[in-house]
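Q: Provided herewith: upload_14.cif, mmCIF, C-alpha atoms.
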```cif
data_protein
loop_
_atom_site.label_atom_id
_atom_site.label_comp_id
_atom_site.auth_asym_id
_atom_site.auth_seq_id
_atom_site.Cartn_x
_atom_site.Cartn_y
_atom_site.Cartn_z
CA MET A 1 -26.96 5.23 14.70
CA PRO A 2 -27.99 4.09 11.21
CA TYR A 3 -25.83 1.37 9.68
CA ILE A 4 -25.85 2.98 6.26
CA GLU A 5 -26.03 6.73 5.71
CA ILE A 6 -26.22 8.10 2.19
CA ASP A 7 -25.83 11.81 2.63
CA HIS A 8 -26.50 14.22 -0.26
CA VAL A 9 -24.89 11.86 -2.74
CA THR A 10 -24.58 12.90 -6.36
CA LYS A 11 -22.83 10.96 -9.08
CA VAL A 12 -22.10 12.47 -12.45
CA PHE A 13 -20.61 10.81 -15.53
CA GLY A 14 -19.53 13.48 -17.99
CA GLU A 15 -22.61 15.67 -18.26
CA ASP A 16 -25.08 13.03 -17.11
CA ILE A 17 -26.38 13.17 -13.56
CA ILE A 18 -26.90 9.54 -12.61
CA LEU A 19 -27.54 10.04 -8.89
CA ASP A 20 -29.16 13.32 -7.90
CA ASP A 21 -28.83 14.34 -4.24
CA ILE A 22 -29.70 10.98 -2.69
CA ASN A 23 -30.39 10.95 1.04
CA ILE A 24 -31.21 7.69 2.81
CA LYS A 25 -30.58 6.18 6.21
CA MET A 26 -30.74 2.42 6.68
CA ASP A 27 -30.73 0.54 9.96
CA GLN A 28 -28.90 -2.65 10.72
CA GLY A 29 -30.82 -5.90 10.44
CA ARG A 30 -33.43 -4.70 7.94
CA VAL A 31 -34.02 -5.52 4.30
CA TYR A 32 -34.32 -2.60 1.91
CA GLY A 33 -35.67 -2.87 -1.60
CA ILE A 34 -34.77 -0.60 -4.48
CA SER A 35 -36.99 -0.74 -7.53
CA GLY A 36 -36.90 1.26 -10.72
CA ASN A 37 -36.67 1.01 -14.47
CA ASN A 38 -33.48 0.25 -16.35
CA GLY A 39 -31.24 3.29 -16.31
CA SER A 40 -32.80 4.77 -13.18
CA GLY A 41 -29.49 4.58 -11.28
CA LYS A 42 -30.02 1.52 -9.02
CA THR A 43 -26.80 -0.24 -10.00
CA VAL A 44 -24.74 2.96 -9.82
CA LEU A 45 -26.10 3.62 -6.32
CA MET A 46 -25.21 0.10 -5.25
CA LYS A 47 -21.72 0.42 -6.73
CA CYS A 48 -21.21 3.67 -4.81
CA ILE A 49 -22.32 2.03 -1.56
CA CYS A 50 -19.93 -0.88 -2.24
CA GLY A 51 -17.07 1.50 -2.93
CA PHE A 52 -16.63 0.52 -6.58
CA LEU A 53 -17.45 4.04 -7.77
CA PRO A 54 -16.49 7.28 -6.02
CA VAL A 55 -19.29 9.77 -5.51
CA THR A 56 -19.07 13.17 -7.17
CA ALA A 57 -20.56 14.90 -4.14
CA GLY A 58 -21.76 13.87 -0.70
CA ARG A 59 -20.68 10.87 1.29
CA ILE A 60 -21.68 7.35 2.12
CA ARG A 61 -21.06 5.91 5.55
CA VAL A 62 -21.36 2.17 6.21
CA GLY A 63 -20.85 0.78 9.69
CA GLY A 64 -19.53 4.15 10.85
CA LYS A 65 -16.84 4.47 8.15
CA ILE A 66 -16.94 6.83 5.18
CA ILE A 67 -16.53 4.87 1.97
CA GLY A 68 -13.64 6.07 -0.15
CA VAL A 69 -12.15 8.06 2.73
CA GLU A 70 -11.87 5.88 5.83
CA THR A 71 -12.19 2.59 4.00
CA ASP A 72 -12.14 1.44 0.36
CA PHE A 73 -15.01 -1.01 0.80
CA PRO A 74 -17.49 -1.76 3.61
CA GLU A 75 -16.26 -4.40 6.02
CA SER A 76 -18.11 -7.69 6.16
CA ILE A 77 -19.99 -7.31 2.90
CA GLY A 78 -21.35 -9.80 0.38
CA VAL A 79 -21.95 -8.43 -3.09
CA ILE A 80 -23.72 -9.34 -6.29
CA ILE A 81 -23.57 -6.44 -8.75
CA GLU A 82 -24.51 -7.02 -12.39
CA THR A 83 -23.95 -10.63 -13.52
CA PRO A 84 -21.47 -12.25 -11.13
CA GLY A 85 -18.12 -12.78 -12.83
CA PHE A 86 -15.88 -15.77 -12.27
CA LEU A 87 -12.71 -17.24 -13.73
CA ASN A 88 -14.25 -19.32 -16.50
CA ASN A 89 -11.56 -21.97 -16.73
CA LEU A 90 -11.98 -22.97 -13.08
CA SER A 91 -14.74 -24.84 -11.27
CA GLY A 92 -17.20 -23.03 -9.03
CA MET A 93 -15.60 -24.47 -5.91
CA ARG A 94 -12.12 -23.41 -7.04
CA ASN A 95 -13.31 -19.86 -7.76
CA LEU A 96 -14.77 -19.58 -4.27
CA GLU A 97 -11.62 -21.08 -2.72
CA ILE A 98 -9.56 -18.31 -4.31
CA LEU A 99 -11.95 -15.66 -2.98
CA ALA A 100 -12.15 -17.19 0.49
CA GLY A 101 -8.36 -17.50 0.59
CA LEU A 102 -7.99 -13.70 0.41
CA ARG A 103 -9.10 -13.25 4.00
CA GLY A 104 -8.56 -16.81 5.14
CA ARG A 105 -11.52 -16.65 7.51
CA ILE A 106 -13.42 -19.73 6.40
CA SER A 107 -12.59 -23.33 5.60
CA LYS A 108 -13.49 -25.50 2.60
CA LYS A 109 -16.35 -26.95 4.67
CA GLU A 110 -18.00 -23.53 4.93
CA ILE A 111 -17.51 -22.87 1.23
CA ARG A 112 -19.16 -26.20 0.41
CA LYS A 113 -22.03 -25.37 2.78
CA ALA A 114 -22.60 -22.01 1.07
CA ILE A 115 -22.60 -23.62 -2.37
CA GLU A 116 -25.15 -26.20 -1.18
CA LYS A 117 -27.34 -23.47 0.36
CA ALA A 118 -27.36 -21.72 -3.03
CA GLY A 119 -28.61 -24.97 -4.58
CA LEU A 120 -25.45 -26.13 -6.35
CA ASP A 121 -23.31 -29.23 -6.02
CA PRO A 122 -19.91 -28.33 -4.50
CA THR A 123 -18.31 -31.44 -6.01
CA LEU A 124 -19.17 -30.30 -9.55
CA LYS A 125 -15.90 -30.42 -11.46
CA LYS A 126 -16.98 -28.62 -14.61
CA SER A 127 -15.64 -25.16 -15.25
CA VAL A 128 -17.80 -22.09 -14.81
CA SER A 129 -17.68 -21.53 -18.60
CA LYS A 130 -20.08 -24.47 -18.87
CA TYR A 131 -22.52 -23.12 -16.27
CA SER A 132 -25.96 -21.83 -17.24
CA LEU A 133 -26.92 -18.27 -16.28
CA GLY A 134 -28.96 -19.62 -13.38
CA MET A 135 -26.01 -21.65 -12.08
CA ARG A 136 -23.72 -18.61 -12.29
CA GLN A 137 -26.28 -16.60 -10.39
CA ARG A 138 -26.46 -19.28 -7.68
CA LEU A 139 -22.67 -19.35 -7.50
CA GLY A 140 -22.75 -15.57 -7.15
CA ILE A 141 -25.11 -15.90 -4.22
CA ALA A 142 -22.86 -18.56 -2.68
CA GLN A 143 -19.80 -16.28 -2.86
CA ALA A 144 -21.84 -13.43 -1.36
CA ILE A 145 -22.95 -15.43 1.70
CA MET A 146 -20.05 -17.82 2.28
CA GLU A 147 -18.13 -15.62 4.74
CA ASP A 148 -21.27 -14.84 6.75
CA PRO A 149 -21.18 -11.10 6.05
CA LYS A 150 -23.23 -8.64 8.11
CA PHE A 151 -24.27 -6.73 5.02
CA LEU A 152 -25.43 -7.92 1.60
CA ILE A 153 -25.90 -5.92 -1.57
CA LEU A 154 -27.79 -7.91 -4.16
CA ASP A 155 -28.48 -6.45 -7.58
CA GLU A 156 -31.16 -8.54 -9.31
CA PRO A 157 -30.26 -11.75 -7.45
CA PHE A 158 -33.09 -13.68 -9.15
CA ASN A 159 -31.79 -13.04 -12.66
CA GLY A 160 -31.69 -16.18 -14.77
CA LEU A 161 -33.35 -18.34 -12.10
CA ASP A 162 -36.29 -20.58 -12.85
CA LYS A 163 -39.39 -20.80 -10.62
CA HIS A 164 -37.73 -23.25 -8.21
CA GLY A 165 -34.56 -21.20 -8.13
CA VAL A 166 -36.48 -18.05 -7.26
CA SER A 167 -38.32 -19.87 -4.49
CA ASP A 168 -35.08 -21.37 -3.09
CA ILE A 169 -33.25 -18.04 -3.08
CA ARG A 170 -36.22 -16.23 -1.61
CA ALA A 171 -36.26 -18.77 1.25
CA LEU A 172 -32.52 -18.26 1.70
CA LEU A 173 -32.92 -14.48 1.86
CA LEU A 174 -35.74 -14.81 4.38
CA GLU A 175 -33.45 -16.99 6.49
CA LEU A 176 -30.69 -14.35 6.25
CA LYS A 177 -33.19 -11.68 7.21
CA LYS A 178 -34.09 -13.68 10.34
CA GLN A 179 -30.37 -13.83 11.16
CA GLY A 180 -30.36 -10.03 11.31
CA LYS A 181 -28.39 -9.31 8.16
CA THR A 182 -28.71 -5.91 6.55
CA ILE A 183 -29.70 -6.45 2.93
CA ILE A 184 -30.12 -4.04 0.04
CA LEU A 185 -31.92 -5.73 -2.77
CA ALA A 186 -32.65 -4.39 -6.23
CA SER A 187 -35.28 -6.14 -8.26
CA HIS A 188 -37.68 -5.50 -11.11
CA ASN A 189 -40.06 -8.01 -9.57
CA SER A 190 -42.55 -6.32 -7.24
CA GLU A 191 -43.45 -9.65 -5.62
CA ASP A 192 -39.84 -10.23 -4.49
CA ILE A 193 -39.75 -6.73 -3.06
CA ARG A 194 -43.11 -7.17 -1.32
CA ILE A 195 -42.20 -10.52 0.28
CA LEU A 196 -38.67 -9.72 1.37
CA CYS A 197 -38.35 -6.03 2.11
CA ASP A 198 -39.08 -3.99 5.23
CA ARG A 199 -38.78 -0.70 3.36
CA VAL A 200 -38.89 0.00 -0.35
CA PHE A 201 -37.45 2.84 -2.37
CA GLU A 202 -38.07 3.68 -5.96
CA MET A 203 -35.48 5.27 -8.21
CA ASP A 204 -36.35 7.35 -11.21
CA GLY A 205 -34.01 9.58 -13.18
CA GLY A 206 -31.36 9.49 -10.47
CA ARG A 207 -33.74 10.51 -7.70
CA ILE A 208 -35.08 8.29 -4.96
CA GLN A 209 -38.24 8.23 -2.92
CA GLU A 210 -39.58 5.87 -0.33
CA LEU A 211 -42.76 4.00 -1.22
CA MET B 1 1.55 -17.47 -4.23
CA ASN B 2 -0.89 -20.38 -4.32
CA GLU B 3 -2.77 -18.64 -7.12
CA LEU B 4 0.46 -18.31 -9.09
CA PHE B 5 1.51 -21.92 -8.64
CA ARG B 6 -1.90 -23.08 -9.85
CA GLU B 7 -1.48 -21.21 -13.16
CA LYS B 8 -0.94 -23.71 -15.96
CA GLY B 9 0.83 -20.97 -17.89
CA LEU B 10 3.63 -20.91 -15.30
CA TRP B 11 4.47 -24.57 -15.83
CA ALA B 12 3.99 -24.36 -19.60
CA ALA B 13 6.44 -21.45 -19.74
CA ALA B 14 8.94 -23.38 -17.59
CA ALA B 15 8.64 -26.34 -19.96
CA VAL B 16 9.24 -24.11 -22.98
CA TYR B 17 12.28 -22.49 -21.36
CA PHE B 18 13.69 -25.94 -20.58
CA ALA B 19 13.05 -27.03 -24.16
CA ALA B 20 14.89 -23.89 -25.34
CA LEU B 21 17.85 -24.82 -23.14
CA VAL B 22 17.87 -28.33 -24.60
CA ILE B 23 17.57 -27.14 -28.20
CA GLY B 24 20.14 -24.36 -27.82
CA PHE B 25 22.63 -26.43 -25.84
CA PRO B 26 26.18 -26.25 -27.31
CA TYR B 27 26.47 -29.97 -28.04
CA ASP B 28 29.39 -29.35 -30.42
CA GLN B 29 31.46 -28.09 -27.50
CA ILE B 30 31.21 -31.38 -25.62
CA LYS B 31 34.69 -32.85 -25.98
CA ILE B 32 35.09 -35.98 -23.91
CA PRO B 33 36.78 -36.08 -21.48
CA LEU B 34 35.49 -32.77 -20.20
CA GLN B 35 37.63 -30.65 -17.90
CA ALA B 36 36.50 -30.08 -14.32
CA GLY B 37 33.70 -27.55 -14.25
CA ASP B 38 32.95 -27.75 -17.97
CA PHE B 39 29.33 -28.73 -17.30
CA LEU B 40 28.84 -25.28 -15.71
CA LYS B 41 30.43 -23.49 -18.66
CA LEU B 42 28.23 -25.40 -21.11
CA TYR B 43 25.16 -24.65 -18.97
CA GLN B 44 26.00 -20.93 -19.05
CA GLU B 45 26.44 -21.08 -22.84
CA ALA B 46 22.99 -22.64 -23.12
CA LEU B 47 21.44 -19.83 -21.04
CA CYS B 48 22.89 -17.19 -23.38
CA THR B 49 21.68 -18.65 -26.67
CA GLN B 50 19.45 -16.74 -29.09
CA ILE B 51 16.65 -19.23 -28.56
CA VAL B 52 16.50 -18.51 -24.81
CA LEU B 53 16.69 -14.78 -25.49
CA PHE B 54 13.83 -15.18 -27.96
CA CYS B 55 11.69 -16.98 -25.36
CA ILE B 56 12.01 -14.38 -22.62
CA PRO B 57 9.55 -11.70 -23.85
CA ILE B 58 6.99 -14.39 -24.74
CA MET B 59 7.25 -16.85 -21.86
CA SER B 60 7.62 -14.26 -19.09
CA VAL B 61 4.23 -12.76 -19.89
CA LEU B 62 2.40 -16.04 -20.39
CA PRO B 63 1.65 -17.03 -16.77
CA VAL B 64 -0.01 -13.93 -15.31
CA GLY B 65 1.04 -10.92 -17.41
CA ALA B 66 -2.56 -10.28 -18.46
CA VAL B 67 -4.24 -11.30 -15.19
CA PHE B 68 -5.79 -7.84 -14.74
CA VAL B 69 -7.50 -8.10 -18.13
CA ARG B 70 -8.81 -11.55 -17.26
CA GLU B 71 -10.13 -10.48 -13.85
CA SER B 72 -11.61 -7.15 -14.92
CA SER B 73 -13.26 -8.36 -18.13
CA SER B 74 -14.85 -11.37 -16.41
CA GLY B 75 -16.16 -9.34 -13.46
CA PHE B 76 -14.11 -11.42 -11.03
CA LEU B 77 -12.27 -8.25 -10.04
CA LYS B 78 -15.30 -6.92 -8.13
CA LEU B 79 -15.63 -10.12 -6.09
CA TYR B 80 -11.88 -10.19 -5.46
CA ILE B 81 -11.08 -6.59 -4.63
CA ASN B 82 -13.92 -5.93 -2.19
CA ARG B 83 -12.43 -8.61 0.09
CA ILE B 84 -9.15 -6.76 0.46
CA SER B 85 -8.47 -3.13 -0.52
CA ARG B 86 -7.25 -1.33 -3.61
CA THR B 87 -3.74 -0.98 -2.21
CA GLU B 88 -3.58 -4.63 -1.23
CA TYR B 89 -4.78 -5.65 -4.70
CA ILE B 90 -2.12 -3.49 -6.35
CA LYS B 91 0.64 -4.92 -4.13
CA ARG B 92 -0.51 -8.51 -4.73
CA LYS B 93 -0.84 -8.21 -8.49
CA THR B 94 2.42 -6.30 -8.99
CA MET B 95 4.33 -8.92 -7.02
CA GLN B 96 2.41 -11.84 -8.55
CA ILE B 97 3.15 -10.65 -12.08
CA TYR B 98 6.83 -9.99 -11.32
CA LEU B 99 7.22 -13.46 -9.86
CA GLY B 100 5.26 -14.86 -12.79
CA GLY B 101 8.03 -13.57 -15.05
CA ILE B 102 10.83 -14.89 -12.84
CA LEU B 103 9.69 -18.33 -11.69
CA PRO B 104 9.36 -20.17 -15.03
CA VAL B 105 12.93 -19.34 -16.03
CA PHE B 106 14.14 -20.05 -12.49
CA PHE B 107 12.56 -23.50 -12.41
CA ALA B 108 13.75 -24.31 -15.93
CA GLY B 109 17.23 -23.02 -15.15
CA LEU B 110 17.45 -25.01 -11.95
CA PHE B 111 16.24 -28.17 -13.63
CA GLY B 112 18.58 -27.53 -16.55
CA ALA B 113 21.52 -27.20 -14.16
CA LEU B 114 20.54 -30.46 -12.50
CA VAL B 115 20.32 -32.27 -15.85
CA CYS B 116 23.69 -30.87 -16.91
CA PHE B 117 25.18 -32.06 -13.65
CA LEU B 118 23.65 -35.52 -13.93
CA PHE B 119 24.69 -36.13 -17.54
CA LEU B 120 27.93 -34.16 -17.97
CA TYR B 121 29.61 -34.14 -14.57
CA PRO B 122 30.36 -37.89 -14.76
CA LEU B 123 32.18 -37.21 -18.07
CA GLU B 124 34.55 -34.72 -16.45
CA LEU B 125 38.10 -35.37 -15.35
CA VAL B 126 38.58 -35.35 -11.62
CA GLY B 127 39.36 -31.86 -10.43
CA GLU B 128 38.18 -28.96 -8.39
CA ILE B 129 35.30 -26.85 -9.62
CA ALA B 130 36.13 -23.21 -8.98
CA ALA B 131 33.63 -21.50 -6.70
CA ASP B 132 33.83 -18.56 -9.10
CA GLU B 133 32.39 -20.66 -11.88
CA VAL B 134 29.44 -21.74 -9.73
CA TRP B 135 28.83 -18.12 -8.70
CA LYS B 136 28.97 -16.96 -12.34
CA ALA B 137 26.29 -19.51 -13.26
CA VAL B 138 24.09 -18.39 -10.34
CA LEU B 139 24.42 -14.73 -11.34
CA LEU B 140 23.70 -15.51 -14.97
CA LEU B 141 20.49 -17.32 -14.03
CA ALA B 142 19.60 -14.40 -11.75
CA ARG B 143 20.02 -11.95 -14.66
CA VAL B 144 17.77 -14.01 -16.94
CA CYS B 145 15.18 -14.17 -14.13
CA LEU B 146 15.30 -10.39 -13.59
CA VAL B 147 14.85 -9.71 -17.30
CA GLY B 148 11.87 -12.08 -17.25
CA GLY B 149 10.41 -10.24 -14.26
CA ILE B 150 10.82 -6.87 -15.97
CA MET B 151 9.11 -8.12 -19.15
CA ALA B 152 6.25 -9.46 -17.07
CA GLU B 153 5.78 -6.07 -15.35
CA VAL B 154 5.77 -4.36 -18.77
CA SER B 155 3.02 -6.78 -19.76
CA GLY B 156 1.12 -5.88 -16.60
CA ILE B 157 1.45 -2.17 -17.38
CA PHE B 158 -0.03 -2.59 -20.85
CA ALA B 159 -2.74 -4.89 -19.50
CA ALA B 160 -3.83 -2.24 -17.01
CA LEU B 161 -3.46 0.65 -19.51
CA PHE B 162 -5.37 -0.90 -22.39
CA GLY B 163 -7.43 -3.68 -20.79
CA ASN B 164 -6.55 -5.79 -23.77
CA PHE B 165 -4.90 -9.23 -24.08
CA TYR B 166 -3.16 -8.38 -27.38
CA MET B 167 -1.45 -5.33 -25.91
CA ALA B 168 -0.53 -7.20 -22.73
CA TYR B 169 1.04 -10.12 -24.57
CA GLY B 170 2.34 -8.26 -27.60
CA MET B 171 3.94 -5.05 -26.32
CA PRO B 172 6.75 -6.64 -24.25
CA PHE B 173 7.76 -8.60 -27.35
CA VAL B 174 7.59 -5.51 -29.54
CA GLY B 175 9.54 -3.42 -27.02
CA TYR B 176 12.17 -6.09 -26.49
CA TYR B 177 12.85 -6.46 -30.22
CA LEU B 178 12.74 -2.73 -30.79
CA LEU B 179 15.68 -2.46 -28.38
CA VAL B 180 17.47 -5.33 -30.16
CA ILE B 181 16.99 -3.73 -33.58
CA LEU B 182 17.97 -0.26 -32.35
CA LYS B 183 21.21 -1.57 -30.92
CA GLU B 184 22.14 -3.96 -33.72
CA ARG B 185 21.36 -1.64 -36.64
CA TYR B 186 21.48 1.95 -35.50
CA LEU B 187 23.22 2.37 -32.15
CA PRO B 188 25.85 -0.36 -31.90
CA GLU B 189 27.67 1.38 -29.04
CA MET B 190 24.56 1.55 -26.84
CA TYR B 191 25.02 -1.88 -25.29
CA SER B 192 23.14 -0.77 -22.15
CA MET B 193 19.85 -0.94 -24.04
CA TYR B 194 20.52 -4.40 -25.48
CA PRO B 195 18.66 -7.24 -23.71
CA GLY B 196 21.29 -9.73 -24.88
CA GLU B 197 23.96 -7.77 -23.02
CA TRP B 198 21.84 -7.66 -19.84
CA ILE B 199 22.14 -11.42 -19.80
CA ALA B 200 25.57 -12.05 -21.34
CA PHE B 201 27.30 -9.27 -19.32
CA GLU B 202 30.28 -8.96 -21.67
CA LYS B 203 30.82 -5.19 -21.70
CA ASN B 204 31.95 -2.62 -19.21
CA TRP B 205 29.35 -1.92 -16.50
CA GLY B 206 31.57 -0.04 -14.10
CA ALA B 207 33.75 -1.25 -11.24
CA ASP B 208 33.05 -4.93 -10.50
CA GLY B 209 30.20 -4.84 -12.98
CA GLY B 210 27.90 -3.42 -10.32
CA GLY B 211 26.39 -1.06 -12.86
CA LEU B 212 24.41 -3.85 -14.53
CA TRP B 213 22.84 -4.97 -11.24
CA TRP B 214 21.92 -1.37 -10.41
CA PHE B 215 20.43 -1.05 -13.89
CA LEU B 216 18.35 -4.23 -13.61
CA GLY B 217 17.31 -3.42 -10.04
CA THR B 218 16.28 0.12 -10.93
CA PHE B 219 14.48 -1.04 -14.07
CA SER B 220 12.57 -3.64 -12.00
CA LEU B 221 11.63 -1.07 -9.38
CA ALA B 222 10.60 1.51 -11.97
CA ALA B 223 8.49 -1.03 -13.88
CA GLY B 224 6.85 -2.17 -10.65
CA LEU B 225 6.12 1.40 -9.55
CA LEU B 226 4.72 2.39 -12.92
CA HIS B 227 2.58 -0.73 -12.93
CA GLY B 228 1.27 0.17 -9.47
CA ILE B 229 0.45 3.72 -10.56
CA VAL B 230 -1.38 2.57 -13.67
CA LEU B 231 -3.36 0.01 -11.67
CA TYR B 232 -4.24 2.67 -9.08
CA MET B 233 -5.64 4.91 -11.84
CA ARG B 234 -7.61 2.02 -13.33
CA LEU B 235 -9.07 0.95 -10.02
CA LYS B 236 -10.54 4.36 -9.14
CA GLU B 237 -13.75 3.24 -10.80
CA ILE B 238 -14.52 -0.48 -10.99
#
```
Produce structure tokens that represent the structure in this file.
A:
Amino acid sequence: MPYIEIDHVTKVFGEDIILDDINIKMDQGRVYGISGNNGSGKTVLMKCICGFLPVTAGRIRVGGKIIGVETDFPESIGVIIETPGFLNNLSGMRNLEILAGLRGRISKKEIRKAIEKAGLDPTLKKSVSKYSLGMRQRLGIAQAIMEDPKFLILDEPFNGLDKHGVSDIRALLLELKKQGKTIILASHNSEDIRILCDRVFEMDGGRIQEL
Amino acid sequence: MNELFREKGLWAAAAVYFAALVIGFPYDQIKIPLQAGDFLKLYQEALCTQIVLFCIPIMSVLPVGAVFVRESSSGFLKLYINRISRTEYIKRKTMQIYLGGILPVFFAGLFGALVCFLFLYPLELVGEIAADEVWKAVLLLARVCLVGGIMAEVSGIFAALFGNFYMAYGMPFVGYYLLVILKERYLPEMYSMYPGEWIAFEKNWGADGGGLWWFLGTFSLAAGLLHGIVLYMRLKEI
């Protein structure tokens, strides 16, 4: 059974059709790329899969559960959608402690490990308001992976990263791929898609096709 | 709860409430030697002063009244809510905000009672302190706390409705003083709508005064429910 089933999904905002009868099946343990121009509907599709937006028609099933009906959000998911947002007056570590405390599944040691894997210093005391865009992006990746989720949705994860940052995060994603994680990755960069993804889809005007 | 206790606003509000107690304290009523139990009477007077009443709609919203605006505008909401559920988020935030309105005044009130005891009790003549007097002080503090909790929920409602810090912080203050002005200038008999009366409890609220507790309890519940409903509507699309 596919891990993710997107079944005749349409999403409309007012009179605008943002997602137009999308049908995709995705298996567990594979990496799927979604490419497309700005405004093609990639982020809206990802938000629907995450459960942040309800679909206008159709249904999305993740891990056997219909999103918005049987569960609000997919279980065991790590998410980066748009620029990751944090509480600016707190340090990166403190932000992740608050998030990890919601489920209470991991310890401070695992949070620190995730921050280090994302290429940041977990002992950094400065508040997130003083982080560069690249540091915020790395922190976003750390929060997405820290609880060892089975499923990752990453919308432009390389945003704001320099050459070394891109290389580090690519290596991290390849490692996660080897661990059998299911990853949906949106990127403008065709090289990222080519290196990381098993299957690639392109979105245009709310419609999707496999490349 | 940990999140709430880490909010600097909570402790700042408690400090301001304590300062209000100190500033508004009825020093002119201290006549040495004090009679037994006078420290409790003076403490209760301090809790009912205009300065404490003035602080409530401002300090109760300061800790976490606008937390939804902060979390949704920063994007932290997406990272937070997908780890629990919408219902769980609504329950947590409604309770967190209510407690955020109660705890600062509770801590300040408790500390104020301790200071009164430490400094004034030794000046009292030996005698028995009536249990009634202690209970009255406890109930008075409870009423101030409940009013603080209600103001905080009102702040939460406006935060969720408008997604705006100004509305979240400003509307409880505006609403509170609208009620004060309506009662003082236009409807002097309508003491049930007067926040000062909710705390002072001087008028008739039915047999044994139970009517006031029902009023505050129902108001708290209604504010919490309305807050939950507004949050539910806002969280349909994140």
Q: How would you write, as a PyMOL selection string, the residues chosen by the PyMOL selection byres ((chain A) within 10 of (chain B)) on this structure?
A: chain A and resi 47-48+50-54+68+71-88+95-96+98-103+140+143-144
Q: Apply the PyMOL selection byres ((chain B and resi 218-225) around 12) to the displayed file and report the matching residues as a PDB file with C-alpha atoms, in the frame of the given file.
A:
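What ended up in result17.pdb:
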```pdb
ATOM      1  CA  ILE B  90      -2.120  -3.490  -6.350  1.00  0.00           C
ATOM      2  CA  LYS B  91       0.640  -4.920  -4.130  1.00  0.00           C
ATOM      3  CA  ARG B  92      -0.510  -8.510  -4.730  1.00  0.00           C
ATOM      4  CA  LYS B  93      -0.840  -8.210  -8.490  1.00  0.00           C
ATOM      5  CA  THR B  94       2.420  -6.300  -8.990  1.00  0.00           C
ATOM      6  CA  MET B  95       4.330  -8.920  -7.020  1.00  0.00           C
ATOM      7  CA  GLN B  96       2.410 -11.840  -8.550  1.00  0.00           C
ATOM      8  CA  ILE B  97       3.150 -10.650 -12.080  1.00  0.00           C
ATOM      9  CA  TYR B  98       6.830  -9.990 -11.320  1.00  0.00           C
ATOM     10  CA  LEU B  99       7.220 -13.460  -9.860  1.00  0.00           C
ATOM     11  CA  GLY B 101       8.030 -13.570 -15.050  1.00  0.00           C
ATOM     12  CA  ILE B 102      10.830 -14.890 -12.840  1.00  0.00           C
ATOM     13  CA  ARG B 143      20.020 -11.950 -14.660  1.00  0.00           C
ATOM     14  CA  CYS B 145      15.180 -14.170 -14.130  1.00  0.00           C
ATOM     15  CA  LEU B 146      15.300 -10.390 -13.590  1.00  0.00           C
ATOM     16  CA  VAL B 147      14.850  -9.710 -17.300  1.00  0.00           C
ATOM     17  CA  GLY B 148      11.870 -12.080 -17.250  1.00  0.00           C
ATOM     18  CA  GLY B 149      10.410 -10.240 -14.260  1.00  0.00           C
ATOM     19  CA  ILE B 150      10.820  -6.870 -15.970  1.00  0.00           C
ATOM     20  CA  MET B 151       9.110  -8.120 -19.150  1.00  0.00           C
ATOM     21  CA  ALA B 152       6.250  -9.460 -17.070  1.00  0.00           C
ATOM     22  CA  GLU B 153       5.780  -6.070 -15.350  1.00  0.00           C
ATOM     23  CA  VAL B 154       5.770  -4.360 -18.770  1.00  0.00           C
ATOM     24  CA  SER B 155       3.020  -6.780 -19.760  1.00  0.00           C
ATOM     25  CA  GLY B 156       1.120  -5.880 -16.600  1.00  0.00           C
ATOM     26  CA  ILE B 157       1.450  -2.170 -17.380  1.00  0.00           C
ATOM     27  CA  PHE B 158      -0.030  -2.590 -20.850  1.00  0.00           C
ATOM     28  CA  PRO B 172       6.750  -6.640 -24.250  1.00  0.00           C
ATOM     29  CA  SER B 192      23.140  -0.770 -22.150  1.00  0.00           C
ATOM     30  CA  MET B 193      19.850  -0.940 -24.040  1.00  0.00           C
ATOM     31  CA  TRP B 198      21.840  -7.660 -19.840  1.00  0.00           C
ATOM     32  CA  GLY B 211      26.390  -1.060 -12.860  1.00  0.00           C
ATOM     33  CA  LEU B 212      24.410  -3.850 -14.530  1.00  0.00           C
ATOM     34  CA  TRP B 213      22.840  -4.970 -11.240  1.00  0.00           C
ATOM     35  CA  TRP B 214      21.920  -1.370 -10.410  1.00  0.00           C
ATOM     36  CA  PHE B 215      20.430  -1.050 -13.890  1.00  0.00           C
ATOM     37  CA  LEU B 216      18.350  -4.230 -13.610  1.00  0.00           C
ATOM     38  CA  GLY B 217      17.310  -3.420 -10.040  1.00  0.00           C
ATOM     39  CA  LEU B 226       4.720   2.390 -12.920  1.00  0.00           C
ATOM     40  CA  HIS B 227       2.580  -0.730 -12.930  1.00  0.00           C
ATOM     41  CA  GLY B 228       1.270   0.170  -9.470  1.00  0.00           C
ATOM     42  CA  ILE B 229       0.450   3.720 -10.560  1.00  0.00           C
ATOM     43  CA  VAL B 230      -1.380   2.570 -13.670  1.00  0.00           C
ATOM     44  CA  LEU B 231      -3.360   0.010 -11.670  1.00  0.00           C
ATOM     45  CA  TYR B 232      -4.240   2.670  -9.080  1.00  0.00           C
TER      46      TYR B 232
END
```
Q: Counting only C-alpha atoms, which residues have an atom no more than 9 Å from (-24.4, 11.6, -1.9) in the file's coordinates? Please list them as a short mmCIF file (atom, residue, chain, number, x, y, z; two decimals) with C-alpha atoms, keeping the file's coordinate frame.
A:
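Produced file point_35.cif, reproduced below:
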```
data_model
loop_
_atom_site.label_atom_id
_atom_site.label_comp_id
_atom_site.auth_asym_id
_atom_site.auth_seq_id
_atom_site.Cartn_x
_atom_site.Cartn_y
_atom_site.Cartn_z
CA ILE A 6 -26.22 8.10 2.19
CA ASP A 7 -25.83 11.81 2.63
CA HIS A 8 -26.50 14.22 -0.26
CA VAL A 9 -24.89 11.86 -2.74
CA THR A 10 -24.58 12.90 -6.36
CA LYS A 11 -22.83 10.96 -9.08
CA LEU A 19 -27.54 10.04 -8.89
CA ASP A 20 -29.16 13.32 -7.90
CA ASP A 21 -28.83 14.34 -4.24
CA ILE A 22 -29.70 10.98 -2.69
CA ASN A 23 -30.39 10.95 1.04
CA VAL A 55 -19.29 9.77 -5.51
CA THR A 56 -19.07 13.17 -7.17
CA ALA A 57 -20.56 14.90 -4.14
CA GLY A 58 -21.76 13.87 -0.70
CA ARG A 59 -20.68 10.87 1.29
CA ILE A 60 -21.68 7.35 2.12
#
```
